[in-house]
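Engineer: A single structure is presented below for examination.
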Amino acid sequence: MASETLECAHNACRCMVSSSLDDAGSDPLPAYCTDYCRNEAENREEHDVCDCGHPPCDSP
Ligand SMILES: [Zn+2]
Ligand SMILES: [Zn+2]
């Protein structure tokens, strides 16, 4: 079982995401720490700050 720690794929986000690769892990997806980040990234909304609520993003 493989796992790596990646930075959240949302540009404004500084969280780390542990991505576990399944048996179906041949197609690596961008890792997001929350659905919030996924939505922001998919909507291509560019914000200076991330509002995911995790500690790395909570402090200025
Ligand atoms: Zn964040
Ligand atoms: Zn994030």
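Here, A, B, ... name the chains of the structure tokens in the order displayed, residue numbers run from 1 inside each chain, and ligands are numbered from 1 in the same displayed order.
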Give me the residues within 12 Å of Pro55 in chain A as a list in words, counting only C-alpha atoms and dropping any in the same chain fewer than 5 places off.
Structural biologist: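 Counting only the stated atoms, we get Cys13, Arg14, Cys15, Met16, Cys33, Cys50 and Pro60 of chain A.
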Engineer: Export, as a short mmCIF file (atom, residue, chain, number, x, y, z; two decimals), in the first residue's frame, the selected residues with N, CA and C atoms.
Structural biologist:
```
data_model
loop_
_atom_site.label_atom_id
_atom_site.label_comp_id
_atom_site.auth_asym_id
_atom_site.auth_seq_id
_atom_site.Cartn_x
_atom_site.Cartn_y
_atom_site.Cartn_z
N CYS A 13 -4.07 27.13 -1.30
CA CYS A 13 -4.11 26.28 -0.11
C CYS A 13 -2.73 25.77 0.22
N ARG A 14 -2.44 25.74 1.49
CA ARG A 14 -1.12 25.29 1.93
C ARG A 14 -1.20 23.99 2.70
N CYS A 15 -2.33 23.36 2.70
CA CYS A 15 -2.48 22.12 3.44
C CYS A 15 -1.72 20.97 2.77
N MET A 16 -1.38 20.01 3.57
CA MET A 16 -0.81 18.79 3.03
C MET A 16 -1.90 17.72 3.02
N CYS A 33 -7.57 18.93 -0.04
CA CYS A 33 -7.78 18.62 1.37
C CYS A 33 -9.26 18.61 1.71
N CYS A 50 -7.12 30.84 1.32
CA CYS A 50 -7.93 29.64 1.30
C CYS A 50 -8.82 29.64 2.53
N PRO A 60 -2.83 33.98 9.05
CA PRO A 60 -2.36 34.84 7.98
C PRO A 60 -0.85 34.72 7.73
#
```
Engineer: What does the list of residues within 10 Å of ligand 1 look like if you count only C-alpha atoms and all ligand atoms, written as an NGL selection string?
Structural biologist: :A and (7-16 or 32-34 or 36-37 or 49-58)
Engineer: If you measure from CA of Ala31 in chain A to CA of Thr5 in chain A, what distance in Å do you get, rounded to one decimal?
Structural biologist: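 We find that CA of Ala31 in chain A and CA of Thr5 in chain A lie 9.5 Å from each other.
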Engineer: So, with only C-alpha atoms and all ligand atoms as the atoms that count, which of A:Glu4, A:Asp35, A:Asp48, A:Glu42 lies closest to ligand 2?
Structural biologist: A:Asp35
Engineer: Nearest residue to Leu6 in chain A out of A:Leu29, A:Arg38, A:Ser19, A:Arg44, using only C-alpha atoms?
Structural biologist: A:Ser19
